[in-house]
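> My structure is in target35.txt, and what it holds is compact mmCIF, C-alpha atoms (C1' of nucleotides):
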```txt
# COMPACT_ATOMS: atom_id res chain seq x y z
CA MET I 1 -41.79 4.35 9.63
CA LYS I 2 -40.61 1.22 11.37
CA VAL I 3 -37.13 0.11 10.44
CA ASP I 4 -36.69 -3.26 12.01
CA GLY I 5 -36.41 -6.57 10.25
CA ARG I 6 -35.00 -6.63 6.77
CA VAL I 7 -33.86 -3.05 6.38
CA GLU I 8 -32.34 -2.81 9.82
CA ARG I 9 -30.52 -6.08 9.39
CA GLY I 10 -29.15 -4.90 6.08
CA GLU I 11 -27.78 -1.69 7.51
CA GLN I 12 -26.30 -3.53 10.44
CA THR I 13 -24.55 -5.97 8.12
CA ARG I 14 -23.27 -3.08 6.06
CA ARG I 15 -21.89 -1.40 9.14
CA GLN I 16 -20.16 -4.58 10.21
CA ILE I 17 -18.63 -5.03 6.78
CA LEU I 18 -17.29 -1.48 6.74
CA ARG I 19 -15.97 -1.71 10.26
CA ARG I 20 -13.98 -4.80 9.42
CA ALA I 21 -12.97 -3.37 6.06
CA ALA I 22 -11.50 -0.29 7.71
CA GLU I 23 -9.60 -2.41 10.18
CA ILE I 24 -8.13 -4.58 7.45
CA ALA I 25 -7.33 -1.62 5.22
CA SER I 26 -5.40 0.13 7.98
CA VAL I 27 -3.10 -2.87 8.06
CA GLU I 28 -3.07 -4.26 4.53
CA GLY I 29 -4.30 -1.31 2.51
CA LEU I 30 -7.45 -0.79 0.50
CA GLU I 31 -6.07 -2.94 -2.29
CA GLY I 32 -5.13 -5.67 0.13
CA LEU I 33 -8.76 -5.71 1.07
CA SER I 34 -10.46 -8.52 -0.82
CA ILE I 35 -14.16 -9.23 -0.95
CA GLY I 36 -13.64 -12.93 -0.51
CA ARG I 37 -11.53 -12.52 2.56
CA LEU I 38 -13.95 -10.06 4.05
CA ALA I 39 -16.75 -12.56 3.48
CA THR I 40 -14.81 -15.40 5.08
CA GLU I 41 -13.91 -13.40 8.17
CA LEU I 42 -17.45 -12.13 8.64
CA GLU I 43 -18.90 -15.56 7.88
CA VAL I 44 -21.18 -14.36 5.14
CA SER I 45 -21.20 -15.14 1.45
CA LYS I 46 -18.91 -13.42 -0.98
CA SER I 47 -21.82 -12.31 -3.14
CA GLY I 48 -23.59 -11.02 -0.08
CA VAL I 49 -20.73 -8.67 0.62
CA PHE I 50 -20.42 -7.72 -3.01
CA ALA I 51 -24.12 -6.95 -3.38
CA HIS I 52 -23.87 -4.21 -0.78
CA PHE I 53 -21.50 -2.18 -2.89
CA GLY I 54 -21.65 -3.34 -6.50
CA SER I 55 -17.95 -2.98 -7.13
CA LYS I 56 -14.67 -3.08 -5.30
CA GLU I 57 -14.06 0.59 -5.91
CA GLU I 58 -17.38 1.43 -4.29
CA LEU I 59 -16.45 -0.76 -1.32
CA GLN I 60 -13.19 1.14 -1.01
CA LEU I 61 -14.94 4.50 -1.20
CA SER I 62 -17.49 3.41 1.39
CA THR I 63 -14.71 2.17 3.64
CA VAL I 64 -12.97 5.52 3.45
CA ARG I 65 -16.24 7.29 4.28
CA ALA I 66 -16.83 5.00 7.25
CA ALA I 67 -13.31 5.57 8.56
CA ALA I 68 -13.73 9.31 8.13
CA ALA I 69 -16.89 9.22 10.22
CA ILE I 70 -15.05 7.41 13.01
CA PHE I 71 -12.18 9.88 12.81
CA VAL I 72 -14.49 12.89 12.94
CA ARG I 73 -16.37 11.54 15.92
CA GLN I 74 -13.22 10.73 17.85
CA VAL I 75 -10.90 13.59 16.96
CA VAL I 76 -12.72 16.48 15.34
CA GLU I 77 -15.97 16.74 17.25
CA PRO I 78 -14.47 16.86 20.76
CA ALA I 79 -12.21 19.70 19.65
CA LEU I 80 -15.03 21.65 18.03
CA ALA I 81 -16.98 21.35 21.27
CA VAL I 82 -14.63 23.78 23.03
CA PRO I 83 -14.20 27.45 22.12
CA PRO I 84 -11.58 28.43 19.51
CA GLY I 85 -8.13 29.28 20.79
CA PRO I 86 -5.11 27.49 22.23
CA GLY I 87 -7.30 25.06 24.13
CA ARG I 88 -9.06 23.85 21.01
CA LEU I 89 -5.80 23.44 19.13
CA GLU I 90 -4.25 21.41 21.94
CA LEU I 91 -7.34 19.27 22.22
CA LEU I 92 -7.27 18.60 18.49
CA LEU I 93 -3.62 17.57 18.48
CA ASP I 94 -3.89 15.53 21.65
CA GLY I 95 -7.03 13.91 20.31
CA TRP I 96 -5.21 12.91 17.16
CA LEU I 97 -2.30 11.43 19.05
CA ALA I 98 -4.68 9.49 21.29
CA TYR I 99 -6.56 8.27 18.21
CA SER I 100 -3.34 7.02 16.66
CA GLU I 101 -1.74 5.70 19.83
CA GLY I 102 -4.93 4.00 21.01
CA ARG I 103 -5.08 2.07 17.74
CA THR I 104 -8.64 2.91 16.88
CA PHE I 105 -7.55 1.10 13.74
CA PRO I 106 -5.16 -1.77 14.31
CA GLY I 107 -2.67 -0.49 11.72
CA GLY I 108 -2.49 2.97 13.27
CA CYS I 109 -4.00 5.95 11.50
CA PHE I 110 -6.24 4.72 8.71
CA PHE I 111 -5.61 7.78 6.58
CA TYR I 112 -1.86 7.63 6.85
CA ALA I 113 -1.94 4.13 5.40
CA VAL I 114 -4.45 4.93 2.71
CA GLN I 115 -2.87 8.22 1.67
CA ALA I 116 0.49 6.59 1.16
CA GLU I 117 -1.14 3.80 -0.79
CA PHE I 118 -3.10 5.94 -3.23
CA ASP I 119 -1.10 9.14 -3.39
CA ALA I 120 0.48 8.34 -6.72
CA ARG I 121 -2.31 6.59 -8.62
CA PRO I 122 -5.26 8.18 -10.34
CA GLY I 123 -8.87 7.35 -9.56
CA ARG I 124 -11.85 8.19 -7.44
CA VAL I 125 -10.36 6.69 -4.28
CA ARG I 126 -7.30 8.87 -4.51
CA ASP I 127 -9.46 11.93 -5.17
CA GLN I 128 -11.55 11.28 -2.10
CA VAL I 129 -8.53 10.59 0.09
CA ALA I 130 -6.89 13.77 -1.16
CA GLU I 131 -9.97 15.81 -0.41
CA LEU I 132 -10.26 14.46 3.11
CA GLY I 133 -6.58 15.17 3.65
CA ALA I 134 -7.04 18.73 2.47
CA ARG I 135 -10.02 19.20 4.77
CA TRP I 136 -7.98 17.93 7.70
CA HIS I 137 -5.16 20.30 6.94
CA GLU I 138 -7.59 23.21 6.65
CA LEU I 139 -9.09 22.32 9.98
CA VAL I 140 -5.70 22.34 11.69
CA ARG I 141 -4.76 25.58 9.97
CA ASP I 142 -8.01 27.33 10.89
CA THR I 143 -7.75 26.08 14.43
CA ALA I 144 -4.18 27.37 14.63
CA ALA I 145 -5.23 30.68 13.11
CA ALA I 146 -7.60 31.24 16.02
CA VAL I 147 -4.69 31.16 18.45
CA PRO I 148 -3.41 34.68 19.24
CA GLY I 149 0.14 35.47 18.16
CA VAL I 150 0.46 32.96 15.35
CA PRO I 151 2.03 34.72 12.39
CA ASP I 152 1.74 31.96 9.75
CA PRO I 153 -0.95 29.41 10.60
CA ASP I 154 -0.43 27.49 7.39
CA GLN I 155 3.22 26.96 8.19
CA LEU I 156 2.45 26.11 11.79
CA ALA I 157 -0.19 23.60 10.74
CA PHE I 158 2.25 21.96 8.35
CA GLU I 159 4.82 21.46 11.06
CA LEU I 160 2.36 20.22 13.65
CA VAL I 161 0.80 17.70 11.30
CA ALA I 162 4.28 16.54 10.33
CA PHE I 163 4.98 15.67 13.96
CA LEU I 164 1.72 13.75 14.28
CA GLU I 165 2.24 11.72 11.15
CA LEU I 166 5.79 10.77 11.91
CA ALA I 167 4.79 9.69 15.39
CA ASN I 168 2.21 7.39 13.87
CA ALA I 169 4.61 6.03 11.26
CA ARG I 170 7.44 5.41 13.69
CA SER I 171 5.32 3.86 16.40
CA VAL I 172 3.71 1.40 13.99
CA LEU I 173 6.82 0.47 12.05
CA HIS I 174 9.10 0.08 15.06
CA ASP I 175 6.47 -0.79 17.61
CA ASP I 176 7.81 2.05 19.71
CA PRO I 177 5.37 4.21 21.67
CA ARG I 178 8.14 6.69 22.49
CA ALA I 179 7.54 8.25 19.09
CA TYR I 180 4.45 9.82 20.62
CA ASP I 181 6.53 11.39 23.36
CA ARG I 182 8.79 12.87 20.72
CA ALA I 183 5.79 14.26 18.88
CA ARG I 184 4.27 15.71 22.03
CA ALA I 185 7.56 17.37 22.92
CA ALA I 186 7.83 18.76 19.40
CA VAL I 187 4.28 20.09 19.48
CA ARG I 188 4.76 21.69 22.86
CA SER I 189 8.00 23.40 21.98
CA ARG I 190 6.67 24.54 18.62
CA LEU I 191 3.58 26.05 20.22
CA ASP I 192 5.65 27.74 22.91
CA HIS I 193 7.89 29.10 20.23
CA ALA I 194 4.90 30.39 18.25
CA ALA I 195 3.46 32.08 21.31
CA ARG I 196 6.73 33.83 22.07
CA GLY I 197 7.54 34.81 18.48
CA MET W 198 37.88 -13.41 -14.77
CA LYS W 199 36.08 -12.11 -17.81
CA VAL W 200 32.45 -11.18 -17.19
CA ASP W 201 31.02 -10.51 -20.58
CA GLY W 202 28.47 -12.58 -22.41
CA ARG W 203 26.16 -14.73 -20.37
CA VAL W 204 26.98 -13.55 -16.88
CA GLU W 205 27.04 -9.89 -17.79
CA ARG W 206 23.75 -10.15 -19.63
CA GLY W 207 22.19 -11.80 -16.62
CA GLU W 208 23.29 -9.10 -14.26
CA GLN W 209 22.15 -6.43 -16.64
CA THR W 210 18.72 -8.01 -16.91
CA ARG W 211 18.55 -8.26 -13.17
CA ARG W 212 19.39 -4.61 -12.80
CA GLN W 213 16.72 -3.66 -15.30
CA ILE W 214 14.14 -5.76 -13.51
CA LEU W 215 14.96 -4.18 -10.16
CA ARG W 216 15.01 -0.67 -11.58
CA ARG W 217 11.53 -1.11 -13.02
CA ALA W 218 10.35 -2.94 -9.90
CA ALA W 219 11.42 -0.03 -7.70
CA GLU W 220 9.64 2.43 -9.97
CA ILE W 221 6.44 0.43 -9.91
CA ALA W 222 6.63 -0.18 -6.18
CA SER W 223 7.01 3.52 -5.43
CA VAL W 224 3.63 4.03 -7.10
CA GLU W 225 1.68 0.83 -6.52
CA GLY W 226 3.51 -0.67 -3.60
CA LEU W 227 5.56 -3.84 -3.27
CA GLU W 228 2.40 -5.93 -3.20
CA GLY W 229 1.04 -4.17 -6.26
CA LEU W 230 4.19 -5.35 -7.97
CA SER W 231 3.38 -8.51 -9.89
CA ILE W 232 5.83 -10.77 -11.67
CA GLY W 233 3.57 -11.09 -14.68
CA ARG W 234 3.21 -7.37 -15.12
CA LEU W 235 6.92 -6.82 -14.68
CA ALA W 236 7.59 -9.41 -17.37
CA THR W 237 5.11 -7.82 -19.77
CA GLU W 238 6.52 -4.34 -19.34
CA LEU W 239 10.09 -5.48 -19.74
CA GLU W 240 9.17 -7.78 -22.63
CA VAL W 241 10.64 -10.88 -21.12
CA SER W 242 8.98 -14.08 -20.00
CA LYS W 243 7.27 -14.37 -16.66
CA SER W 244 9.39 -17.36 -15.73
CA GLY W 245 12.49 -15.46 -16.75
CA VAL W 246 11.73 -12.80 -14.18
CA PHE W 247 10.75 -15.37 -11.61
CA ALA W 248 13.94 -17.38 -12.07
CA HIS W 249 16.07 -14.43 -11.02
CA PHE W 250 14.57 -14.38 -7.54
CA GLY W 251 12.86 -17.67 -6.81
CA SER W 252 9.96 -16.14 -4.94
CA LYS W 253 7.99 -12.96 -4.78
CA GLU W 254 9.26 -12.17 -1.32
CA GLU W 255 12.84 -12.39 -2.57
CA LEU W 256 11.96 -10.07 -5.43
CA GLN W 257 10.54 -7.61 -2.93
CA LEU W 258 13.62 -7.81 -0.73
CA SER W 259 15.92 -7.34 -3.71
CA THR W 260 13.84 -4.38 -4.85
CA VAL W 261 14.19 -2.75 -1.45
CA ARG W 262 17.95 -3.34 -1.54
CA ALA W 263 18.20 -1.84 -5.02
CA ALA W 264 16.21 1.22 -4.00
CA ALA W 265 18.38 1.63 -0.92
CA ALA W 266 21.50 1.62 -3.07
CA ILE W 267 20.05 4.37 -5.24
CA PHE W 268 19.08 6.37 -2.18
CA VAL W 269 22.50 6.03 -0.61
CA ARG W 270 24.26 7.10 -3.78
CA GLN W 271 22.04 10.10 -4.29
CA VAL W 272 21.44 11.35 -0.76
CA VAL W 273 23.84 9.83 1.75
CA GLU W 274 27.16 9.75 -0.08
CA PRO W 275 27.25 13.40 -1.16
CA ALA W 276 26.61 14.43 2.44
CA LEU W 277 29.28 12.13 3.83
CA ALA W 278 31.73 13.66 1.37
CA VAL W 279 31.80 16.94 3.28
CA PRO W 280 33.08 17.38 6.84
CA PRO W 281 30.69 16.91 9.76
CA GLY W 282 28.90 20.00 11.01
CA PRO W 283 26.09 22.28 9.91
CA GLY W 284 27.15 22.05 6.27
CA ARG W 285 26.81 18.29 6.19
CA LEU W 286 23.43 18.38 7.88
CA GLU W 287 22.09 20.92 5.43
CA LEU W 288 23.46 18.97 2.49
CA LEU W 289 21.81 15.83 3.80
CA LEU W 290 18.42 17.47 4.20
CA ASP W 291 18.61 19.38 0.93
CA GLY W 292 19.74 16.21 -0.79
CA TRP W 293 16.73 14.36 0.54
CA LEU W 294 14.33 17.04 -0.59
CA ALA W 295 15.92 17.09 -4.04
CA TYR W 296 15.69 13.30 -4.18
CA SER W 297 11.99 13.43 -3.37
CA GLU W 298 11.13 16.50 -5.43
CA GLY W 299 13.12 15.34 -8.44
CA ARG W 300 11.11 12.11 -8.47
CA THR W 301 14.02 9.74 -8.57
CA PHE W 302 11.15 7.30 -8.15
CA PRO W 303 7.95 8.29 -9.92
CA GLY W 304 5.82 7.83 -6.81
CA GLY W 305 8.03 10.08 -4.68
CA CYS W 306 10.18 8.62 -1.94
CA PHE W 307 10.33 4.85 -2.36
CA PHE W 308 10.72 4.27 1.35
CA TYR W 309 7.84 6.44 2.37
CA ALA W 310 5.54 4.31 0.21
CA VAL W 311 7.00 1.01 1.31
CA GLN W 312 7.17 1.86 5.00
CA ALA W 313 3.53 2.80 5.06
CA GLU W 314 2.65 -0.37 3.19
CA PHE W 315 4.48 -2.81 5.43
CA ASP W 316 4.56 -1.06 8.77
CA ALA W 317 1.77 -3.13 10.28
CA ARG W 318 2.36 -6.60 8.82
CA PRO W 319 4.92 -9.13 9.92
CA GLY W 320 7.56 -10.61 7.67
CA ARG W 321 11.05 -10.25 6.31
CA VAL W 322 10.17 -7.33 4.09
CA ARG W 323 8.87 -5.32 6.99
CA ASP W 324 11.95 -6.19 9.05
CA GLN W 325 14.26 -4.99 6.33
CA VAL W 326 12.30 -1.81 5.75
CA ALA W 327 12.27 -1.12 9.47
CA GLU W 328 16.01 -1.61 9.71
CA LEU W 329 16.72 0.72 6.82
CA GLY W 330 14.41 3.29 8.39
CA ALA W 331 16.24 3.02 11.69
CA ARG W 332 19.59 3.43 9.93
CA TRP W 333 18.32 6.57 8.18
CA HIS W 334 17.14 8.02 11.44
CA GLU W 335 20.45 7.27 13.10
CA LEU W 336 22.29 8.94 10.28
CA VAL W 337 20.24 12.11 10.62
CA ARG W 338 20.65 12.05 14.39
CA ASP W 339 24.41 11.54 14.24
CA THR W 340 24.75 14.22 11.62
CA ALA W 341 22.72 16.59 13.78
CA ALA W 342 24.76 15.66 16.83
CA ALA W 343 27.89 16.92 15.08
CA VAL W 344 26.41 20.40 14.85
CA PRO W 345 27.56 22.61 17.72
CA GLY W 346 24.87 23.83 20.08
CA VAL W 347 22.33 21.08 19.53
CA PRO W 348 21.00 19.96 22.92
CA ASP W 349 18.88 16.98 21.85
CA PRO W 350 19.93 15.60 18.48
CA ASP W 351 17.40 12.77 18.64
CA GLN W 352 14.56 15.20 19.07
CA LEU W 353 15.92 17.49 16.38
CA ALA W 354 16.31 14.60 13.97
CA PHE W 355 12.73 13.52 14.62
CA GLU W 356 11.39 16.94 13.79
CA LEU W 357 13.53 17.42 10.70
CA VAL W 358 12.61 14.04 9.26
CA ALA W 359 8.97 14.80 9.98
CA PHE W 360 9.19 17.88 7.76
CA LEU W 361 10.82 15.93 4.96
CA GLU W 362 8.28 13.14 4.99
CA LEU W 363 5.26 15.39 5.07
CA ALA W 364 6.66 17.39 2.18
CA ASN W 365 6.94 14.19 0.18
CA ALA W 366 3.46 13.01 1.14
CA ARG W 367 1.76 16.33 0.43
CA SER W 368 3.50 16.97 -2.84
CA VAL W 369 2.64 13.56 -4.21
CA LEU W 370 -0.94 13.39 -2.98
CA HIS W 371 -1.89 16.93 -3.96
CA ASP W 372 0.57 17.35 -6.79
CA ASP W 373 1.73 20.49 -5.05
CA PRO W 374 5.44 21.36 -5.07
CA ARG W 375 4.87 24.14 -2.53
CA ALA W 376 5.00 21.47 0.17
CA TYR W 377 8.77 21.47 -0.35
CA ASP W 378 8.90 25.21 0.30
CA ARG W 379 7.03 24.63 3.53
CA ALA W 380 9.48 21.91 4.52
CA ARG W 381 12.50 24.04 3.66
CA ALA W 382 11.12 26.92 5.70
CA ALA W 383 10.44 24.59 8.60
CA VAL W 384 13.94 23.11 8.44
CA ARG W 385 15.56 26.53 8.26
CA SER W 386 13.63 27.96 11.18
CA ARG W 387 14.14 24.83 13.26
CA LEU W 388 17.88 24.89 12.66
CA ASP W 389 18.07 28.60 13.45
CA HIS W 390 16.13 27.95 16.60
CA ALA W 391 18.45 25.11 17.58
CA ALA W 392 21.52 27.26 16.99
CA ARG W 393 20.16 30.06 19.14
CA GLY W 394 18.80 27.82 21.89
C1' DA G 395 -54.06 -11.92 -0.66
C1' DA G 396 -51.17 -10.40 -4.43
C1' DC G 397 -47.24 -8.07 -5.53
C1' DT G 398 -42.88 -5.64 -5.05
C1' DT G 399 -38.56 -4.89 -2.82
C1' DG G 400 -34.15 -5.96 -0.87
C1' DT G 401 -30.93 -9.26 1.64
C1' DA G 402 -28.35 -13.05 1.15
C1' DC G 403 -27.00 -17.21 -1.08
C1' DG G 404 -24.40 -20.78 -4.23
C1' DA G 405 -22.36 -21.64 -8.45
C1' DA G 406 -19.81 -20.27 -12.16
C1' DC G 407 -17.16 -16.95 -15.34
C1' DG G 408 -12.61 -15.24 -17.17
C1' DA G 409 -8.51 -13.17 -15.60
C1' DT G 410 -4.49 -13.00 -12.99
C1' DC G 411 -1.78 -14.38 -9.19
C1' DG G 412 2.69 -17.03 -7.53
C1' DT G 413 4.94 -21.13 -8.49
C1' DA G 414 6.77 -25.56 -10.80
C1' DC G 415 9.08 -27.93 -14.33
C1' DA G 416 11.00 -29.49 -18.62
C1' DG G 417 13.27 -27.78 -22.67
C1' DT G 418 16.12 -24.54 -25.61
C1' DT G 419 19.86 -21.60 -26.34
C1' DA G 420 24.29 -19.77 -25.75
C1' DG G 421 28.46 -18.70 -23.09
C1' DT G 422 32.08 -21.15 -20.16
C1' DT G 423 35.00 -24.72 -18.99
C1' DT G 424 37.64 -28.84 -19.77
C1' DA A 425 35.03 -30.86 -29.62
C1' DA A 426 32.49 -32.41 -25.64
C1' DA A 427 30.55 -31.45 -21.29
C1' DC A 428 28.63 -28.35 -18.45
C1' DT A 429 26.12 -24.41 -16.73
C1' DA A 430 23.33 -20.35 -16.42
C1' DA A 431 19.77 -17.37 -18.66
C1' DC A 432 15.63 -17.67 -20.50
C1' DT A 433 11.27 -19.64 -22.52
C1' DG A 434 6.60 -22.09 -22.80
C1' DT A 435 3.20 -24.51 -20.70
C1' DA A 436 0.62 -25.75 -16.94
C1' DC A 437 -0.94 -26.00 -12.01
C1' DG A 438 -4.09 -24.60 -8.16
C1' DA A 439 -5.66 -20.60 -5.82
C1' DT A 440 -7.78 -16.36 -5.61
C1' DC A 441 -9.36 -12.23 -7.66
C1' DG A 442 -13.69 -9.16 -9.05
C1' DT A 443 -17.89 -9.90 -11.14
C1' DT A 444 -22.35 -12.00 -13.00
C1' DC A 445 -26.36 -14.61 -12.62
C1' DG A 446 -30.36 -17.12 -11.02
C1' DT A 447 -32.67 -18.22 -6.91
C1' DA A 448 -34.77 -18.30 -2.18
C1' DC A 449 -37.03 -16.02 1.19
C1' DA A 450 -38.35 -12.51 4.53
C1' DA A 451 -40.33 -7.90 4.86
C1' DG A 452 -42.89 -4.05 3.19
C1' DT A 453 -46.65 -2.30 0.08
C1' DT A 454 -51.02 -2.28 -2.11
```
As structure tokens, what does this structure read like?

Amino acid sequence: MKVDGRVERGEQTRRQILRRAAEIASVEGLEGLSIGRLATELEVSKSGVFAHFGSKEELQLSTVRAAAAIFVRQVVEPALAVPPGPGRLELLLDGWLAYSEGRTFPGGCFFYAVQAEFDARPGRVRDQVAELGARWHELVRDTAAAVPGVPDPDQLAFELVAFLELANARSVLHDDPRAYDRARAAVRSRLDHAARG
Amino acid sequence: MKVDGRVERGEQTRRQILRRAAEIASVEGLEGLSIGRLATELEVSKSGVFAHFGSKEELQLSTVRAAAAIFVRQVVEPALAVPPGPGRLELLLDGWLAYSEGRTFPGGCFFYAVQAEFDARPGRVRDQVAELGARWHELVRDTAAAVPGVPDPDQLAFELVAFLELANARSVLHDDPRAYDRARAAVRSRLDHAARG
DNA sequence: AACTTGTACGAACGATCGTACAGTTAGTTT
DNA sequence: AAACTAACTGTACGATCGTTCGTACAAGTT
């Protein structure tokens, strides 16, 4: 089946909308995202943007899905490409820090912004964000569990993720890249400590 | 000078507005805060609320100030009341966890929500939030520096605050109080490790 | 060639946003 | 008692919000 012309153009437009939407949301939040603004910036009509999703909530959900796909491709997949063990864990953590520091999204980690925005309100967006967060934590925990000599992978994963998230928060809020150095030092010393204990 | 009647009523109203504003903002953010909604919930007129602040930005700044005062009273002052050293550091960290876990603000830590919301946009609100965040970090660092045997108080403070913030984030997003146990365990082991090293 | 499908558009809707302003009420000052 | 002031109200404004609708047209289907 050929997929040029109308259908291809539609999917391309949709991708462009979601790309821009994820960028905006990482800075202004998923509620700060407005259909009219999105339309203006992309130089398409408001109803054109709206028609792709049917509701703002569906736009938000699609934006989260699109951001998750970018995150998986940049952070998760490279780590899963190497064998389990200390190497994979380090690659995962380094990949995350590079993803945040490199500003894949202009506001830093997309999920940090969106989690903090929706953590306390009910709804489908919050549910999806919570589920993605849980999956991320499980991935870090399972990756840590495959490292020999780790007594409590859940606890280790908690502490490692804490370092990553604070690095992101600090670097964005204070425009200070040294937060990543702090996080890298914390990760290193915590992993050394785990290996020895 | 007597301050009953008109003046007292005004200040009381202002306090009530800011109390409610801080509660709402901890859940929906400072942008989710709307003057009309605030007026409806407090059963006063929209222009009555507006007149107290003159602009939405001023309302947001006042809300941040009010939340900071609550935070200082609940977390900072009790710690400063005991002598510097390990006891003060533990009281500070335990106080923070109790402040977050006890839901002084319904959406968890007010500043976690507001920092994540404004970290990537310019403006006076962001500047104020960033300054308060820096002051908090300095307080933790200085408190840690007064503990004997701590080689790098800045690094230690970074890691401790990371545990606190992730506990808040996890517990709110997943409605899971065990995140605080994880944070307490992390704090304890990190402080033990610092004392030994 | 006739018909269906899907993208995108422009115009309009009711609601809500922040803000402005004049007026009322009640405490304070003289 | 008169003058003043601060808290608060009601109404209205322009802008923007999400959403609905009818339409135009290109592409795919039969």
> Residues of chain G within 12 Å of chain W, counting all atoms listed in the file, what are they? List them as an MDAnalysis selection string.
chainID G and resid 410:415 419:422
> So that I can see what lies close to W:Arg321, please list as a ChimeraX atom specification the residues with an atom at most 10 Å from it, counting all atoms listed in the file and leaving out residues fewer than 6 positions away in the same chain.
/W:254-255,257-258,315,327
> Counting all atoms listed in the file, which residues from chain W have an atom at most 7 Å from any atom of chain I, and could you show them as number ranges by chain?
W: 224, 304, 310, 313-314, 316-318, 327, 352, 356, 359-360, 363, 369-371, 379, 383
> What does the distance between atom C1' of G:DT423 and atom C1' of A:DA430 come to in Å, to one decimal place?
12.7 Å
> Quick check, in Å to one decimal: how far apart do atom CA of I:Ala25 and atom CA of I:Phe110 lie?
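Computing the Euclidean distance for atom CA of I:Ala25 and atom CA of I:Phe110 yields 7.3 Å.
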> Quote the spacing between atom CA of W:His334 and atom CA of W:Val273 in Å to one decimal place.
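Computing the Euclidean distance for atom CA of W:His334 and atom CA of W:Val273 yields 11.9 Å.
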> For chain A, which residue among W:Thr340, W:Ser386, W:Ser242, W:Ser297 is the nearest when counting all atoms listed in the file?
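Using all atoms listed in the file, the shortest distance to chain A belongs to W:Ser242.
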> Taking all atoms listed in the file into account, report as a count of residues only which residues of chain A lie within 7 Å of chain W.
3
> G:DA406: which residues within 12 Å, counting only C-alpha atoms (C1' of nucleotides), same-chain residues fewer than 6 positions away excluded, as a short mmCIF file (atom, residue, chain, number, x, y, z; two decimals) with C-alpha atoms (C1' of nucleotides), in the coordinates of the input?

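Contents of the output file part-v8.cif:
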```
data_model
loop_
_atom_site.label_atom_id
_atom_site.label_comp_id
_atom_site.auth_asym_id
_atom_site.auth_seq_id
_atom_site.Cartn_x
_atom_site.Cartn_y
_atom_site.Cartn_z
"C1'" DT A 443 -17.89 -9.90 -11.14
"C1'" DT A 444 -22.35 -12.00 -13.00
"C1'" DC A 445 -26.36 -14.61 -12.62
"C1'" DG A 446 -30.36 -17.12 -11.02
#
```
> Between W:Arg262, W:Arg381, W:Arg300, W:Arg285, which is the closest to W:Val322 once you count all atoms listed in the file?
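Closest candidate: W:Arg262.
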> Let me have the centre and edge lengths in Å, one decimal, of the box along x, y and z around every listed atom of stretch 406-417 of chain G with 4 Å of margin on each side, as AutoDock Vina command-line options.

```
--center_x -3.3 --center_y -21.2 --center_z -15.1 --size_x 41.1 --size_y 24.5 --size_z 23.1
```
